[in-house]
Amino acid sequence: MSLRESAQILLREKVAQLPLGPGVYLYKDGAGKIVYVGKAGNLRSRVRSYFNEERLAEAKTGSLITEARDIDYILVDNEKEALALENNLIKQYKPRYNVLLRDDKTYPYVKMTNERFPRVFVTRRLKKDGGTYFGPYFPANLAHRLVHFIHRHFLVPSCKVDLTRFHPKPCLQYHIHRCLGPCVEDLTTPEIYAQAVRQVRLFLEGRHSALAADLRAQIAAASEDMRFEEAASLRDLLTTVEELDERQKMASANNDDVDIFGYYAEPPLVAVNLFHLRHGQIVDRREFFWEDQEEFDAPEFFSSLLLQIYLDQQYVPGVIHVPLDFEDSAVMEELLSEKKQRKVEIHTPQRGQKRAMLNLAQTNAKHSFDARFRVLKPSSAAIQEAVQEALGLPEAPKRIECFDISHVQGTDKVASMVVWEEGRMKKADYRKFIIRTVVGNDDFASMKEVVTRRYSRLQQEGAPMPGLVLIDGGLGQLHAAADALEAIGIINQPLASIAKREEIIYVLGQEGDPVVLDRFSPILHLVQTIRDEAHRFAVTFHRTRRNARTLTSELDGIPGIGEVTVRKLLKEFGSSTLVRQASEEELAKRVGRAAARKVRAYYDGVAVVPC
């Protein structure tokens with residue numbers, strides 16, 4: 001008997017001893033690594049089914065049982081607990097035989113920081129850092145619109161200025177009335193700032209009635225002190241808040257929040273579309289992709305997918321439409337209803353408008369599959385929106401400017417800037433830079449110099465900033481560029497970098513949560529293309545500079561050859577190798593017989609005899 005057969009017998013014996021109650025089971029390989037997590041209402045019955053001849057003939061089950069060497073279990077009180085525990089264990093161990101949620105699109109939250117002067121900004125990562133998170137928001141740009149509204153009306157900023165100390169002067173946001181100016185002493189007081197933060201919190205919590213009451217009291221106080229301009233501004237804000245409150249009441253009276261799933265599969269490739277309907281309107285579409293579903297079991301797939309999406313999401317809709325029934329739908333309804341504290345229904349519509357919407361999701365899933373796996377060329381607008389979503393930018397970038405530094409051991413230091421605009425590289429706007437102020441091999445200082453020169457000039461010309469500044473490099477280059485922008489008064493410029501080896505994208509302001517895109521992602525391909533073009537352009541310019549320097553230094557050392565002749569040789573031959581290889585006749589045709597004799601004699605090591 002082989003070792004594998006012996007292990008299988010022991011595994012079957014252990015399965016026969018499993019309890020009959022609900023719980024979670026964990027298959028482990030020979031190294032003790034968890035390779036699959038499952039749930040069951042009856043552990044023994046479910047796990048025994050894996051050893052049926054029909055199940056063993058399936059590719060996935062057969063491979064799993066062949067690899068498994070041990071099984072562990074956790075007994076729980078009911079199937080709801082089993083569902084929740086399974087989800088947590090899948091997230092923790094990421095077993096390779098489970099369906100793992102891969103999402104290119106994470107929805108944004110609005111974060112209020114826990115600082116002396118709290119800030120408000122958009123983020124896609126939730127951290128246990130004392131901050132307060134509101135959301136997620138559908139569509140994604142809603143979060144950016146809300147933050148923009150907060151800047152304009154409540155003057156609470158989202159800048160990255162160090163607010164633990166005072167600075168000599170405020171940034172542009174203060175001067176255009178988008179910030180109270182907590183970064184400069186005496187521009188505001190902690191009490192005024194705290195009142196603005198309290199109102200922002202009421203606004204984001206949807207407590208518009210309480211916010212309106214607070215604003216009315218503020219208007220009355222301003223009027224009594226004869227601060228009529230401030231009172232008028234507050235009155236306009238009050239009107240906006242009251243309108244929002246009415247809209248919220250109308251929406252809650254017609255609460256028709258539905259999520260609709262569609263899918264298309266050509267195993268091992270799978271694409272899923274999720275439509276979000278809010279108050280009867282499609283507000284956004286979400287895409288998911290898998291490349292490892294060798295044996296695609298649609299009911300099991302959707303059971304795991306819904307669990308991973310909704311147990312990890314703050315908001316759960318009242319109705320979820322799926323393209324097929326699955327075993328655990330009733331238990332999942334109960335679990336999600338407890339999470340939402342209102343009834344949640346999971347349906348598979350068969351006719352009418354609901355079925356038409358389900359078919360629409362299916363059609364879009366097929367299109368997503370083709371666009372992802374058959375490499376269809378997306379439109380420029382679609383690319384821009386995808387970049388915005390993937391990197392969490394405030395707006396879709398129509399123009400991206402990318403920088404790279406090139407040198408050899410700190411010599412002949414140069415930099416390049418390439419431009420991507422409206423879907424293609426714009427070579428007419430490329431720029432070359434010779435590093436002037438940096439001594440030695442210091443890429444960070446070189447990046448700082450180049451970024452300062454580029455955007456100081458844009459400021460002087462009154463030209464608009466690009467939608468995104470992209471840096472070739474890691475966190476050091478990113479922060480060098482950010483320091484350069486801050487030094488010239490540019491605070492909220494979208495800025496990112498891409499590390500060469502890991503192909504990780506760092507976005508300024510969320511460096512702790514870098515963007516990791518899978519290898520099929522068209523956004524990753526776009527960023528790589530722009531980065532590689534900047535690198536190519538920088539290396540080409542560096543090579544030209546180095547060759548010119550080498551050639552010039554050689555020719556300057558030839559006795560009797562002046563600057564005019566050197567320039568002619570540079571223009572005609574272009575490299576020291578070609579000058580060295582040229583015959584006296586070829587040289588004479590360009591610079592004359594006398595100069596040709598001197599150049600040829602220099603390279604041949606022969607002394608020139610005066611005539």
# chains A, B, ... in the order shown; residues from 1 in each chain; ligands from 1

call {"tool": "select_by_dssp", "arguments": {"residues": "stretch 349-474 of chain A", "states": "strand (DSSP E or B)", "output": "PyMOL selection string"}}
result
chain A and resi 399-408+411-421+424-425+431-434+468-472

call {"tool": "residues_around", "arguments": {"residues": "A:Glu295", "least_positions_apart": "4", "cutoff": "10 Å", "atoms": "only C-alpha atoms", "output": "list in words"}}
result
Glu58, Ala59, Lys60, Thr61, Glu266, Pro267 and Pro268 of chain A

call {"tool": "residues_around", "arguments": {"residues": "stretch 430-447 of chain A", "least_positions_apart": "3", "cutoff": "9 Å", "atoms": "only C-alpha atoms", "output": "CSV table (one decimal) with N, CA, C and O atoms, in the first residue's frame"}}
result
chain,number,residue,atom,x,y,z
A,401,GLU,N,1.2,62.8,-16.5
A,401,GLU,CA,2.6,63.2,-16.8
A,401,GLU,C,3.4,62.3,-15.9
A,401,GLU,O,3.2,62.2,-14.7
A,403,PHE,N,7.4,60.8,-14.8
A,403,PHE,CA,8.8,61.2,-14.7
A,403,PHE,C,9.7,60.0,-14.4
A,403,PHE,O,9.3,59.1,-13.6
A,404,ASP,N,10.9,60.1,-14.9
A,404,ASP,CA,11.9,59.1,-14.6
A,404,ASP,C,13.3,59.7,-14.6
A,404,ASP,O,13.5,60.7,-15.3
A,405,ILE,N,14.2,59.2,-13.8
A,405,ILE,CA,15.6,59.7,-13.7
A,405,ILE,C,16.5,58.6,-14.3
A,405,ILE,O,16.3,57.4,-14.1
A,406,SER,N,17.6,59.1,-15.0
A,406,SER,CA,18.5,58.1,-15.6
A,406,SER,C,19.9,58.7,-15.4
A,406,SER,O,20.2,59.9,-15.6
A,407,HIS,N,20.9,57.8,-15.0
A,407,HIS,CA,22.3,58.2,-14.9
A,407,HIS,C,23.1,56.9,-14.7
A,407,HIS,O,22.5,55.8,-14.6
A,408,VAL,N,24.4,57.0,-14.8
A,408,VAL,CA,25.3,55.9,-14.5
A,408,VAL,C,26.2,56.3,-13.4
A,408,VAL,O,27.0,57.2,-13.5
A,409,GLN,N,26.0,55.7,-12.2
A,409,GLN,CA,26.8,56.0,-11.0
A,409,GLN,C,26.9,57.5,-10.7
A,409,GLN,O,27.9,58.1,-10.4
A,410,GLY,N,25.7,58.2,-11.0
A,410,GLY,CA,25.7,59.6,-10.6
A,410,GLY,C,26.2,60.6,-11.7
A,410,GLY,O,26.2,61.8,-11.5
A,411,THR,N,26.6,60.0,-12.9
A,411,THR,CA,27.2,60.9,-13.9
A,411,THR,C,26.1,61.1,-15.0
A,411,THR,O,25.3,60.2,-15.2
A,412,ASP,N,26.3,62.2,-15.7
A,412,ASP,CA,25.3,62.5,-16.8
A,412,ASP,C,23.9,62.4,-16.4
A,412,ASP,O,23.1,61.7,-17.1
A,413,LYS,N,23.5,62.9,-15.3
A,413,LYS,CA,22.2,62.8,-14.7
A,413,LYS,C,21.2,63.5,-15.6
A,413,LYS,O,21.3,64.7,-15.8
A,414,VAL,N,20.1,62.8,-16.0
A,414,VAL,CA,19.0,63.5,-16.8
A,414,VAL,C,17.7,62.9,-16.3
A,414,VAL,O,17.6,61.9,-15.5
A,415,ALA,N,16.6,63.6,-16.7
A,415,ALA,CA,15.3,63.1,-16.4
A,415,ALA,C,14.4,63.3,-17.6
A,415,ALA,O,14.7,64.0,-18.5
A,416,SER,N,13.3,62.5,-17.6
A,416,SER,CA,12.4,62.6,-18.7
A,416,SER,C,11.0,62.8,-18.2
A,416,SER,O,10.7,62.4,-17.0
A,417,MET,N,10.1,63.4,-19.0
A,417,MET,CA,8.7,63.5,-18.7
A,417,MET,C,8.0,63.1,-19.9
A,417,MET,O,8.2,63.7,-21.0
A,418,VAL,N,7.1,62.1,-19.8
A,418,VAL,CA,6.3,61.7,-21.0
A,418,VAL,C,4.8,62.0,-20.6
A,418,VAL,O,4.5,62.1,-19.4
A,419,VAL,N,4.0,62.1,-21.6
A,419,VAL,CA,2.6,62.5,-21.4
A,419,VAL,C,1.7,61.6,-22.1
A,419,VAL,O,1.8,61.2,-23.3
A,426,LYS,N,1.3,61.4,-26.0
A,426,LYS,CA,1.4,62.7,-26.7
A,426,LYS,C,2.8,63.2,-26.8
A,426,LYS,O,3.3,63.9,-25.9
A,427,LYS,N,3.5,62.7,-27.8
A,427,LYS,CA,5.0,62.9,-27.9
A,427,LYS,C,5.4,64.4,-28.0
A,427,LYS,O,6.5,64.8,-27.7
A,450,VAL,N,13.5,68.1,-10.6
A,450,VAL,CA,12.7,68.1,-11.9
A,450,VAL,C,11.3,68.5,-11.7
A,450,VAL,O,10.7,69.2,-12.4
A,451,VAL,N,10.6,67.9,-10.6
A,451,VAL,CA,9.2,68.2,-10.4
A,451,VAL,C,9.1,69.7,-10.0
A,451,VAL,O,8.1,70.3,-10.5
A,452,THR,N,10.0,70.2,-9.3
A,452,THR,CA,9.9,71.6,-8.9
A,452,THR,C,10.0,72.5,-10.2
A,452,THR,O,9.2,73.4,-10.4
A,471,ILE,N,5.1,58.8,-11.0
A,471,ILE,CA,6.6,58.8,-10.7
A,471,ILE,C,7.1,57.3,-10.9
A,471,ILE,O,6.5,56.4,-10.4
A,476,GLY,N,10.1,56.4,-1.8
A,476,GLY,CA,11.1,57.5,-1.7
A,476,GLY,C,10.9,58.6,-2.8
A,476,GLY,O,10.9,59.8,-2.5
A,477,GLN,N,10.8,58.1,-4.0
A,477,GLN,CA,10.6,59.0,-5.1
A,477,GLN,C,9.2,59.7,-5.0
A,477,GLN,O,9.1,60.9,-5.4
A,478,LEU,N,8.2,59.0,-4.6
A,478,LEU,CA,6.9,59.5,-4.4
A,478,LEU,C,6.9,60.7,-3.4
A,478,LEU,O,6.4,61.8,-3.7
A,479,HIS,N,7.6,60.5,-2.3
A,479,HIS,CA,7.6,61.5,-1.2
A,479,HIS,C,8.5,62.7,-1.7
A,479,HIS,O,8.2,63.9,-1.3
A,480,ALA,N,9.5,62.4,-2.4
A,480,ALA,CA,10.4,63.5,-3.0
A,480,ALA,C,9.5,64.4,-3.9
A,480,ALA,O,9.6,65.7,-3.8
A,481,ALA,N,8.7,63.8,-4.7
A,481,ALA,CA,7.9,64.6,-5.6
A,481,ALA,C,6.8,65.4,-4.8
A,481,ALA,O,6.5,66.5,-5.1
A,484,ALA,N,8.4,68.4,-3.2
A,484,ALA,CA,8.6,69.4,-4.2
A,484,ALA,C,7.3,70.2,-4.5
A,484,ALA,O,7.4,71.4,-4.6
A,537,PHE,N,12.6,56.9,-22.7
A,537,PHE,CA,12.9,58.3,-23.1
A,537,PHE,C,14.1,58.8,-22.3
A,537,PHE,O,15.0,59.5,-22.9
A,538,ALA,N,14.1,58.5,-21.0
A,538,ALA,CA,15.2,59.0,-20.1
A,538,ALA,C,16.5,58.3,-20.5
A,538,ALA,O,17.5,58.9,-20.6
A,541,PHE,N,17.9,59.7,-23.8
A,541,PHE,CA,18.5,61.0,-23.6
A,541,PHE,C,19.8,60.9,-22.9
A,541,PHE,O,20.8,61.6,-23.2

call {"tool": "residues_around", "arguments": {"residues": "A:Val283", "least_positions_apart": "5", "cutoff": "12 Å", "atoms": "only C-alpha atoms", "output": "ChimeraX atom specification"}}
result
/A:137-142,257-260,274-278

call {"tool": "write_last_selection", "arguments": {"atoms": "all heavy atoms", "output": "short mmCIF file (atom, residue, chain, number, x, y, z; two decimals), in the first residue's frame"}}
result
data_model
loop_
_atom_site.label_atom_id
_atom_site.label_comp_id
_atom_site.auth_asym_id
_atom_site.auth_seq_id
_atom_site.Cartn_x
_atom_site.Cartn_y
_atom_site.Cartn_z
N TYR A 137 -20.04 54.52 -0.70
CA TYR A 137 -20.89 55.37 -1.52
C TYR A 137 -21.02 54.83 -2.93
O TYR A 137 -20.05 54.39 -3.54
CB TYR A 137 -20.33 56.80 -1.55
CG TYR A 137 -20.50 57.51 -0.22
CD1 TYR A 137 -19.44 57.58 0.68
CD2 TYR A 137 -21.71 58.06 0.14
CE1 TYR A 137 -19.59 58.21 1.91
CE2 TYR A 137 -21.88 58.69 1.37
CZ TYR A 137 -20.81 58.76 2.25
OH TYR A 137 -20.97 59.37 3.47
N PHE A 138 -22.25 54.83 -3.44
CA PHE A 138 -22.57 54.43 -4.80
C PHE A 138 -23.25 55.62 -5.49
O PHE A 138 -24.22 56.16 -4.95
CB PHE A 138 -23.55 53.24 -4.81
CG PHE A 138 -23.15 52.08 -3.97
CD1 PHE A 138 -23.64 51.92 -2.70
CD2 PHE A 138 -22.27 51.14 -4.46
CE1 PHE A 138 -23.28 50.83 -1.93
CE2 PHE A 138 -21.91 50.05 -3.70
CZ PHE A 138 -22.41 49.89 -2.43
N PRO A 139 -22.83 56.04 -6.66
CA PRO A 139 -21.61 55.63 -7.36
C PRO A 139 -20.37 56.14 -6.66
O PRO A 139 -20.46 56.97 -5.74
CB PRO A 139 -21.77 56.26 -8.74
CG PRO A 139 -22.59 57.48 -8.49
CD PRO A 139 -23.55 57.10 -7.38
N ALA A 140 -19.22 55.70 -7.15
CA ALA A 140 -17.97 56.01 -6.46
C ALA A 140 -17.70 57.51 -6.38
O ALA A 140 -17.17 58.00 -5.39
CB ALA A 140 -16.81 55.29 -7.15
N ASN A 141 -18.08 58.25 -7.43
CA ASN A 141 -17.76 59.69 -7.42
C ASN A 141 -18.63 60.47 -6.45
O ASN A 141 -18.40 61.65 -6.20
CB ASN A 141 -17.85 60.29 -8.82
CG ASN A 141 -19.24 60.22 -9.41
OD1 ASN A 141 -20.22 59.87 -8.73
ND2 ASN A 141 -19.36 60.55 -10.68
N LEU A 142 -19.67 59.84 -5.87
CA LEU A 142 -20.50 60.51 -4.88
C LEU A 142 -19.67 60.91 -3.67
O LEU A 142 -19.85 61.99 -3.10
CB LEU A 142 -21.67 59.61 -4.47
CG LEU A 142 -22.56 60.14 -3.34
CD1 LEU A 142 -23.18 61.48 -3.71
CD2 LEU A 142 -23.65 59.12 -3.00
N ASP A 257 -33.97 49.46 -2.91
CA ASP A 257 -32.54 49.22 -3.11
C ASP A 257 -32.34 47.76 -3.47
O ASP A 257 -32.64 46.85 -2.68
CB ASP A 257 -31.75 49.56 -1.84
CG ASP A 257 -31.65 51.05 -1.63
OD1 ASP A 257 -32.23 51.79 -2.44
OD2 ASP A 257 -31.00 51.47 -0.66
N VAL A 258 -31.80 47.51 -4.67
CA VAL A 258 -31.64 46.15 -5.19
C VAL A 258 -30.24 45.99 -5.76
O VAL A 258 -29.71 46.90 -6.40
CB VAL A 258 -32.68 45.86 -6.30
CG1 VAL A 258 -32.55 44.41 -6.78
CG2 VAL A 258 -34.09 46.16 -5.83
N ASP A 259 -29.63 44.83 -5.50
CA ASP A 259 -28.39 44.44 -6.17
C ASP A 259 -28.70 43.29 -7.12
O ASP A 259 -29.40 42.34 -6.75
CB ASP A 259 -27.33 44.00 -5.15
CG ASP A 259 -26.61 45.18 -4.52
OD1 ASP A 259 -26.96 46.33 -4.85
OD2 ASP A 259 -25.70 44.95 -3.70
N ILE A 260 -28.16 43.37 -8.35
CA ILE A 260 -28.46 42.38 -9.38
C ILE A 260 -27.15 41.79 -9.90
O ILE A 260 -26.26 42.53 -10.34
CB ILE A 260 -29.24 43.01 -10.55
CG1 ILE A 260 -30.52 43.69 -10.03
CG2 ILE A 260 -29.60 41.97 -11.59
CD1 ILE A 260 -31.22 44.51 -11.09
N LEU A 274 -22.11 43.14 -11.14
CA LEU A 274 -23.05 43.46 -10.06
C LEU A 274 -23.59 44.86 -10.29
O LEU A 274 -22.83 45.83 -10.31
CB LEU A 274 -22.34 43.38 -8.70
CG LEU A 274 -23.07 43.94 -7.49
CD1 LEU A 274 -24.46 43.33 -7.32
CD2 LEU A 274 -22.24 43.75 -6.22
N PHE A 275 -24.90 44.97 -10.53
CA PHE A 275 -25.56 46.26 -10.70
C PHE A 275 -26.14 46.70 -9.36
O PHE A 275 -26.81 45.92 -8.68
CB PHE A 275 -26.70 46.16 -11.72
CG PHE A 275 -26.25 46.19 -13.15
CD1 PHE A 275 -24.96 45.92 -13.51
CD2 PHE A 275 -27.16 46.50 -14.15
CE1 PHE A 275 -24.55 45.95 -14.82
CE2 PHE A 275 -26.77 46.54 -15.48
CZ PHE A 275 -25.46 46.26 -15.82
N HIS A 276 -25.91 47.96 -9.01
CA HIS A 276 -26.49 48.54 -7.80
C HIS A 276 -27.67 49.44 -8.21
O HIS A 276 -27.46 50.45 -8.90
CB HIS A 276 -25.46 49.38 -7.05
CG HIS A 276 -24.31 48.59 -6.51
ND1 HIS A 276 -24.44 47.63 -5.53
CD2 HIS A 276 -22.98 48.61 -6.82
CE1 HIS A 276 -23.26 47.11 -5.26
NE2 HIS A 276 -22.36 47.68 -6.04
N LEU A 277 -28.87 49.07 -7.81
CA LEU A 277 -30.04 49.92 -7.99
C LEU A 277 -30.36 50.59 -6.67
O LEU A 277 -30.51 49.91 -5.64
CB LEU A 277 -31.26 49.10 -8.44
CG LEU A 277 -31.49 48.95 -9.95
CD1 LEU A 277 -30.43 48.02 -10.52
CD2 LEU A 277 -32.87 48.42 -10.23
N ARG A 278 -30.42 51.91 -6.69
CA ARG A 278 -30.77 52.64 -5.48
C ARG A 278 -31.95 53.54 -5.80
O ARG A 278 -31.88 54.37 -6.70
CB ARG A 278 -29.58 53.47 -4.97
CG ARG A 278 -28.38 52.61 -4.56
CD ARG A 278 -28.71 51.69 -3.39
NE ARG A 278 -27.59 50.83 -3.00
CZ ARG A 278 -27.47 49.57 -3.36
NH1 ARG A 278 -28.39 49.01 -4.15
NH2 ARG A 278 -26.45 48.84 -2.94
#

call {"tool": "closest_residue", "arguments": {"among": "A:Glu486, A:Glu461, A:Asp292, A:Glu334", "to": "A:Asn78", "atoms": "only C-alpha atoms"}}
result
A:Glu334

call {"tool": "residues_around", "arguments": {"residues": "A:Glu242", "least_positions_apart": "5", "cutoff": "8 Å", "atoms": "only C-alpha atoms", "output": "MDAnalysis selection string"}}
result
chainID A and resid 208:209 212

call {"tool": "residues_around", "arguments": {"residues": "A:Gly605", "least_positions_apart": "6", "cutoff": "12 Å", "atoms": "only C-alpha atoms", "output": "PDB file with all heavy atoms, in the first residue's frame"}}
result
ATOM      1  N   ILE A 558      42.701  66.364 -29.186  1.00  0.00           N
ATOM      2  CA  ILE A 558      43.532  66.240 -30.392  1.00  0.00           C
ATOM      3  C   ILE A 558      44.248  67.569 -30.650  1.00  0.00           C
ATOM      4  O   ILE A 558      43.586  68.602 -30.820  1.00  0.00           O
ATOM      5  CB  ILE A 558      42.671  65.852 -31.609  1.00  0.00           C
ATOM      6  CG1 ILE A 558      41.958  64.515 -31.356  1.00  0.00           C
ATOM      7  CG2 ILE A 558      43.526  65.775 -32.863  1.00  0.00           C
ATOM      8  CD1 ILE A 558      41.009  64.120 -32.475  1.00  0.00           C
ATOM      9  N   ARG A 580      36.641  57.256 -35.025  1.00  0.00           N
ATOM     10  CA  ARG A 580      37.856  56.455 -34.910  1.00  0.00           C
ATOM     11  C   ARG A 580      38.014  55.516 -36.103  1.00  0.00           C
ATOM     12  O   ARG A 580      39.111  55.246 -36.569  1.00  0.00           O
ATOM     13  CB  ARG A 580      37.809  55.663 -33.604  1.00  0.00           C
ATOM     14  CG  ARG A 580      39.135  54.999 -33.243  1.00  0.00           C
ATOM     15  CD  ARG A 580      39.036  54.219 -31.935  1.00  0.00           C
ATOM     16  NE  ARG A 580      38.759  55.090 -30.800  1.00  0.00           N
ATOM     17  CZ  ARG A 580      37.615  55.095 -30.111  1.00  0.00           C
ATOM     18  NH1 ARG A 580      36.634  54.285 -30.472  1.00  0.00           N
ATOM     19  NH2 ARG A 580      37.455  55.906 -29.099  1.00  0.00           N
ATOM     20  N   ARG A 597      44.310  64.759 -41.375  1.00  0.00           N
ATOM     21  CA  ARG A 597      45.607  64.173 -41.052  1.00  0.00           C
ATOM     22  C   ARG A 597      45.843  64.180 -39.544  1.00  0.00           C
ATOM     23  O   ARG A 597      46.345  63.204 -38.969  1.00  0.00           O
ATOM     24  CB  ARG A 597      46.729  64.943 -41.752  1.00  0.00           C
ATOM     25  CG  ARG A 597      46.828  64.676 -43.261  1.00  0.00           C
ATOM     26  CD  ARG A 597      47.982  65.468 -43.850  1.00  0.00           C
ATOM     27  NE  ARG A 597      49.250  65.103 -43.228  1.00  0.00           N
ATOM     28  CZ  ARG A 597      50.262  65.925 -43.046  1.00  0.00           C
ATOM     29  NH1 ARG A 597      50.170  67.192 -43.413  1.00  0.00           N
ATOM     30  NH2 ARG A 597      51.372  65.497 -42.498  1.00  0.00           N
ATOM     31  N   LYS A 598      45.470  65.285 -38.871  1.00  0.00           N
ATOM     32  CA  LYS A 598      45.688  65.399 -37.426  1.00  0.00           C
ATOM     33  C   LYS A 598      44.817  64.392 -36.649  1.00  0.00           C
ATOM     34  O   LYS A 598      45.285  63.750 -35.710  1.00  0.00           O
ATOM     35  CB  LYS A 598      45.376  66.820 -36.962  1.00  0.00           C
ATOM     36  CG  LYS A 598      46.352  67.855 -37.488  1.00  0.00           C
ATOM     37  CD  LYS A 598      45.908  69.268 -37.135  1.00  0.00           C
ATOM     38  CE  LYS A 598      46.848  70.309 -37.757  1.00  0.00           C
ATOM     39  NZ  LYS A 598      46.373  71.690 -37.483  1.00  0.00           N
ATOM     40  N   VAL A 599      43.559  64.262 -37.070  1.00  0.00           N
ATOM     41  CA  VAL A 599      42.653  63.333 -36.376  1.00  0.00           C
ATOM     42  C   VAL A 599      43.121  61.897 -36.576  1.00  0.00           C
ATOM     43  O   VAL A 599      43.209  61.107 -35.631  1.00  0.00           O
ATOM     44  CB  VAL A 599      41.203  63.504 -36.894  1.00  0.00           C
ATOM     45  CG1 VAL A 599      40.304  62.402 -36.337  1.00  0.00           C
ATOM     46  CG2 VAL A 599      40.670  64.872 -36.516  1.00  0.00           C
TER      47      VAL A 599
END

call {"tool": "select_by_dssp", "arguments": {"residues": "stretch 307-490 of chain A", "states": "helix (DSSP H, G or I)", "output": "PyMOL selection string"}}
result
chain A and resi 307-310+329-340+352-373+380-391+427-429+443-461+475-487

call {"tool": "closest_residue", "arguments": {"among": "A:Asp429, A:Ala386, A:Asp483, A:Gly135", "to": "A:Leu526", "atoms": "only C-alpha atoms"}}
result
A:Ala386

call {"tool": "atom_distance", "arguments": {"atom1": "atom CA of A:Trp420", "atom2": "atom CA of A:Arg399"}}
result
5.7 Å

call {"tool": "atom_distance", "arguments": {"atom1": "atom CA of A:Glu572", "atom2": "atom CA of A:Arg600"}}
result
15.7 Å

call {"tool": "residues_around", "arguments": {"residues": "A:Ala222", "least_positions_apart": "6", "cutoff": "10 Å", "atoms": "only C-alpha atoms", "output": "compact mmCIF listing (two decimals) with N, CA, C and O atoms, in the first residue's frame"}}
result
# COMPACT_ATOMS: atom_id res chain seq x y z
N ARG A 216 -29.45 77.11 12.20
CA ARG A 216 -30.36 78.21 12.55
C ARG A 216 -29.84 78.97 13.78
O ARG A 216 -29.90 80.21 13.83
N PHE A 228 -23.54 90.10 9.16
CA PHE A 228 -24.60 89.78 8.20
C PHE A 228 -24.11 88.96 7.00
O PHE A 228 -24.85 88.14 6.47
N GLU A 229 -22.86 89.18 6.57
CA GLU A 229 -22.34 88.40 5.45
C GLU A 229 -22.23 86.92 5.83
O GLU A 229 -22.58 86.02 5.05
N GLU A 230 -21.74 86.66 7.04
CA GLU A 230 -21.64 85.28 7.52
C GLU A 230 -23.02 84.67 7.67
O GLU A 230 -23.24 83.50 7.32
N ALA A 231 -23.98 85.44 8.17
CA ALA A 231 -25.34 84.94 8.33
C ALA A 231 -25.97 84.59 6.98
O ALA A 231 -26.68 83.58 6.86
N ALA A 232 -25.69 85.39 5.96
CA ALA A 232 -26.24 85.10 4.63
C ALA A 232 -25.65 83.81 4.07
O ALA A 232 -26.36 83.00 3.46
N LEU A 234 -24.51 81.30 5.82
CA LEU A 234 -25.10 80.19 6.59
C LEU A 234 -26.53 79.93 6.16
O LEU A 234 -26.98 78.77 6.14

call {"tool": "closest_residue", "arguments": {"among": "A:Lys80, A:Lys33, A:Arg546, A:His148", "to": "A:Glu333", "atoms": "only C-alpha atoms"}}
result
A:Lys80

call {"tool": "closest_residue", "arguments": {"among": "A:His321, A:His535, A:Arg119, A:Arg424", "to": "A:Asn273", "atoms": "only C-alpha atoms"}}
result
A:His321

call {"tool": "atom_distance", "arguments": {"atom1": "atom CA of A:Gln459", "atom2": "atom CA of A:Lys169"}}
result
18.2 Å

call {"tool": "closest_residue", "arguments": {"among": "A:Arg96, A:Arg457, A:Arg519, A:Arg501", "to": "A:Gly474", "atoms": "only C-alpha atoms"}}
result
A:Arg501
